[in-house]
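J.: Pasting a structure here, questions to come.
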Amino acid sequence: MVSRDLLDRCRRGEQAAFEELVELTHRRVFTLAYRLVGDRHEAEDVAQDAYLRMYRGLAGFRGDSSFETWLYRITANAAVSRLRRRGRFGDILDDPDDAVNVPDEASVDPVDRDEIQRALFALPVAQRTVLVMRDAYGFSIREIAEELGLTEGAVKVRIHRARRRLKDLVYGPAEPHGHEAVREHLPELAEERGRG
Amino acid sequence: MADLRDFEVHLATCQECAGELARYREVVSAVGSLRDAMEDPVPGFPERAVAHVLGSERRWVGRTRWLAHDRRVHVAAASVGGAIVGAGVLGLLWWRAARRGLLRTRVAV
């Protein structure tokens, strides 16, 4: 947790305070960057870029959201810019419907972190980006839409597709048994059960 | 909502669909748990990040100062500014002269 006092000291240009801030937050920033760009070296560049943007924007940070949320948004923005620069712009916007390699053998419940991370990296960039932002970091649909330049409807559809593809990657594809309509309503049903 | 209720009833009797929903929820929950699982960058990353930020800032401040203090930049800015103002004044004079000419022509008519 980053204190208000530390942020004030950073705003005043205290180098020691900025070093402390980076020390406190760098693992979280690096982790988000890594999960979005999928490469450790690039993730480091993205994280450095995020810190530069944060440093320059700190004077204008009013605290409407928590500092961590703000920093995550900056990091995601730096990662998306990076993906676009390196020619993956199309990948971010396109949601390919072509089949990915799905393991033949279904795994057993529950899914461990290594397994889910491997499956996440097997997703197309377009789907991984929305899923990491939404399900791992709690970005709102609107925030993701703004970040990627998509409509909110398109983001919702992409999240649903990404979750289903991830499920197929982890457990193997579902056998068709004539109740495909239910699959289309999995997000709402999952939400209902979550509330109940 | 009625549709959803129908699906709920269906889920109570269909093992395949119930399993599908359970797996879907498990995957969503597993992705959510990643937030707490940290990745470690290469050692020395925080120091490199600080150096990158402060280095970029110094270069930026240096460039700004150079722009603010270099006499050649002042002369260039003054020349460009003077040219713009001069062109504006000439344009205004030409426009006024053209209007007067037009008025005279009308009076004569």
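The chains in the structure tokens are called A, B, ... from first to last as shown; in each chain the residues are counted from 1, and the ligands are counted from 1 in the order shown.
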Enumerate, as number ranges by chain, the complete set of residues in region 30-173 of chain A that a backbone-based DSSP assignment places in helix (DSSP H, G or I).

T.: A: 30-37, 40-60, 67-93, 113-122, 125-136, 141-148, 152-171

J.: Would you mind reading off the distance between CA of Leu21 (chain B) and CA of Leu186 (chain A), one decimal, in Å?

T.: 6.2 Å

J.: What does the structure give for the distance between CA of Tyr137 (chain A) and CA of Arg12 (chain A), in Å to one decimal?

T.: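 Taking CA of Tyr137 (chain A) as the start and CA of Arg12 (chain A) as the end point, the length is 29.8 Å.
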
J.: Skip Phe18 (chain A) itself and residues of its chain fewer than 3 positions away, then list as a list in words all residues within 10 Å of it, counting only C-alpha atoms.

T.: Leu6, Leu7, Arg9, Cys10, Arg11, Arg12, Gly13, Glu14, Gln15, Leu21, Val22, Glu23, Leu24, Tyr51 and Tyr55 of chain A; Val50, Val53 and Leu54 of chain B

J.: Output N, CA and C atoms for every residue in the selection just made, as a PDB file, in the first residue's frame.

T.:
ATOM      1  N   LEU A   6       4.021   9.376   1.029  1.00  0.00           N
ATOM      2  CA  LEU A   6       5.047   8.981   0.059  1.00  0.00           C
ATOM      3  C   LEU A   6       4.776   9.656  -1.298  1.00  0.00           C
ATOM      4  N   LEU A   7       3.517   9.687  -1.692  1.00  0.00           N
ATOM      5  CA  LEU A   7       3.157  10.325  -2.970  1.00  0.00           C
ATOM      6  C   LEU A   7       3.478  11.821  -2.939  1.00  0.00           C
ATOM      7  N   ARG A   9       5.757  13.278  -1.174  1.00  0.00           N
ATOM      8  CA  ARG A   9       7.223  13.444  -1.253  1.00  0.00           C
ATOM      9  C   ARG A   9       7.705  13.243  -2.695  1.00  0.00           C
ATOM     10  N   CYS A  10       7.089  12.300  -3.389  1.00  0.00           N
ATOM     11  CA  CYS A  10       7.456  12.091  -4.802  1.00  0.00           C
ATOM     12  C   CYS A  10       7.117  13.328  -5.626  1.00  0.00           C
ATOM     13  N   ARG A  11       5.946  13.913  -5.340  1.00  0.00           N
ATOM     14  CA  ARG A  11       5.526  15.107  -6.076  1.00  0.00           C
ATOM     15  C   ARG A  11       6.510  16.256  -5.858  1.00  0.00           C
ATOM     16  N   ARG A  12       7.083  16.292  -4.652  1.00  0.00           N
ATOM     17  CA  ARG A  12       8.057  17.366  -4.361  1.00  0.00           C
ATOM     18  C   ARG A  12       9.410  17.090  -5.007  1.00  0.00           C
ATOM     19  N   GLY A  13       9.531  15.948  -5.659  1.00  0.00           N
ATOM     20  CA  GLY A  13      10.770  15.643  -6.388  1.00  0.00           C
ATOM     21  C   GLY A  13      11.839  14.956  -5.562  1.00  0.00           C
ATOM     22  N   GLU A  14      11.439  14.356  -4.427  1.00  0.00           N
ATOM     23  CA  GLU A  14      12.432  13.645  -3.605  1.00  0.00           C
ATOM     24  C   GLU A  14      12.803  12.325  -4.269  1.00  0.00           C
ATOM     25  N   GLN A  15      14.050  12.196  -4.623  1.00  0.00           N
ATOM     26  CA  GLN A  15      14.481  10.992  -5.329  1.00  0.00           C
ATOM     27  C   GLN A  15      14.322   9.740  -4.458  1.00  0.00           C
ATOM     28  N   LEU A  21       8.945   4.242  -3.815  1.00  0.00           N
ATOM     29  CA  LEU A  21       7.692   3.951  -4.528  1.00  0.00           C
ATOM     30  C   LEU A  21       7.903   2.830  -5.560  1.00  0.00           C
ATOM     31  N   VAL A  22       8.991   2.902  -6.290  1.00  0.00           N
ATOM     32  CA  VAL A  22       9.283   1.867  -7.287  1.00  0.00           C
ATOM     33  C   VAL A  22       9.539   0.532  -6.585  1.00  0.00           C
ATOM     34  N   GLU A  23      10.283   0.596  -5.495  1.00  0.00           N
ATOM     35  CA  GLU A  23      10.585  -0.629  -4.748  1.00  0.00           C
ATOM     36  C   GLU A  23       9.286  -1.297  -4.266  1.00  0.00           C
ATOM     37  N   LEU A  24       8.352  -0.477  -3.822  1.00  0.00           N
ATOM     38  CA  LEU A  24       7.079  -1.003  -3.302  1.00  0.00           C
ATOM     39  C   LEU A  24       6.189  -1.612  -4.382  1.00  0.00           C
ATOM     40  N   TYR A  51       6.474   3.669 -15.483  1.00  0.00           N
ATOM     41  CA  TYR A  51       6.989   4.513 -14.386  1.00  0.00           C
ATOM     42  C   TYR A  51       7.268   5.936 -14.861  1.00  0.00           C
ATOM     43  N   TYR A  55       5.472   9.114 -13.326  1.00  0.00           N
ATOM     44  CA  TYR A  55       6.272  10.214 -12.755  1.00  0.00           C
ATOM     45  C   TYR A  55       5.806  11.553 -13.319  1.00  0.00           C
TER      46      TYR A  55
ATOM     47  N   VAL B  50      14.302   3.364 -11.974  1.00  0.00           N
ATOM     48  CA  VAL B  50      14.518   4.710 -11.415  1.00  0.00           C
ATOM     49  C   VAL B  50      15.498   5.486 -12.296  1.00  0.00           C
ATOM     50  N   VAL B  53      13.801   6.616 -15.527  1.00  0.00           N
ATOM     51  CA  VAL B  53      12.867   7.736 -15.340  1.00  0.00           C
ATOM     52  C   VAL B  53      13.626   9.031 -15.089  1.00  0.00           C
ATOM     53  N   LEU B  54      14.561   8.983 -14.129  1.00  0.00           N
ATOM     54  CA  LEU B  54      15.262  10.219 -13.782  1.00  0.00           C
ATOM     55  C   LEU B  54      16.152  10.685 -14.934  1.00  0.00           C
TER      56      LEU B  54
END

J.: Counting only C-alpha atoms, which residues from chain B have an atom at most 8 Å from any atom of chain A, and could you show them as a ChimeraX atom specification?

T.: /B:4,7-8,16-17,20-21,23-35,37-41,45-47,49-50,52-53,56

J.: Using C-alpha atoms, can you export the residues from the last selection as a tab-separated table (two decimals), in the first residue's frame?

T.:
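Resulting contents of again-v5.tsv:
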chain	number	residue	atom	x	y	z
B	4	LEU	CA	-32.11	-17.51	-17.19
B	7	PHE	CA	-31.58	-22.40	-17.82
B	8	GLU	CA	-31.24	-22.72	-14.05
B	16	GLU	CA	-23.06	-31.93	-18.78
B	17	CYS	CA	-24.28	-28.34	-18.67
B	20	GLU	CA	-19.67	-26.84	-18.21
B	21	LEU	CA	-20.78	-24.01	-15.92
B	23	ARG	CA	-15.55	-25.38	-15.34
B	24	TYR	CA	-16.32	-21.92	-16.68
B	25	ARG	CA	-16.53	-20.51	-13.17
B	26	GLU	CA	-13.38	-22.33	-12.11
B	27	VAL	CA	-11.45	-20.76	-14.99
B	28	VAL	CA	-12.73	-17.25	-14.17
B	29	SER	CA	-11.77	-17.75	-10.54
B	30	ALA	CA	-8.33	-19.12	-11.47
B	31	VAL	CA	-7.59	-16.08	-13.65
B	32	GLY	CA	-8.71	-13.89	-10.75
B	33	SER	CA	-6.25	-15.60	-8.43
B	34	LEU	CA	-3.37	-14.58	-10.71
B	35	ARG	CA	-3.52	-11.04	-9.36
B	37	ALA	CA	0.70	-14.36	-7.86
B	38	MET	CA	3.69	-12.14	-8.57
B	39	GLU	CA	6.32	-12.53	-11.25
B	40	ASP	CA	9.87	-11.54	-10.40
B	41	PRO	CA	11.70	-9.29	-12.85
B	45	PHE	CA	15.04	-3.87	-12.15
B	46	PRO	CA	13.90	-1.21	-9.61
B	47	GLU	CA	17.28	0.56	-9.88
B	49	ALA	CA	13.58	1.78	-13.68
B	50	VAL	CA	14.52	4.71	-11.41
B	52	HIS	CA	15.49	5.35	-16.71
B	53	VAL	CA	12.87	7.74	-15.34
B	56	SER	CA	14.69	10.79	-19.20

J.: Using only C-alpha atoms, pick whichever of A:Ala59, A:Ala79, A:Leu148, A:Leu169 has the shortest atom-to-atom distance to Ala122 (chain A).

T.: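 Checking each of A:Ala59, A:Ala79, A:Leu148, A:Leu169 against Ala122 (chain A), counting only C-alpha atoms, the winner is A:Leu169.
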
J.: List the spatial neighbours of Ser81 (chain A) as a PyMOL selection string - criterion: any atom at most 12 Å away, only C-alpha atoms, same-chain residues fewer than 2 positions off excluded.

T.: chain A and resi 33+36-37+42+45-46+49-50+74-79+83-89+92+147-149

J.: Just how far from CA of Ala119 (chain A) is CA of Val80 (chain A), in Å to one decimal?

T.: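 Computing it gives 20.3 Å between the two atoms.
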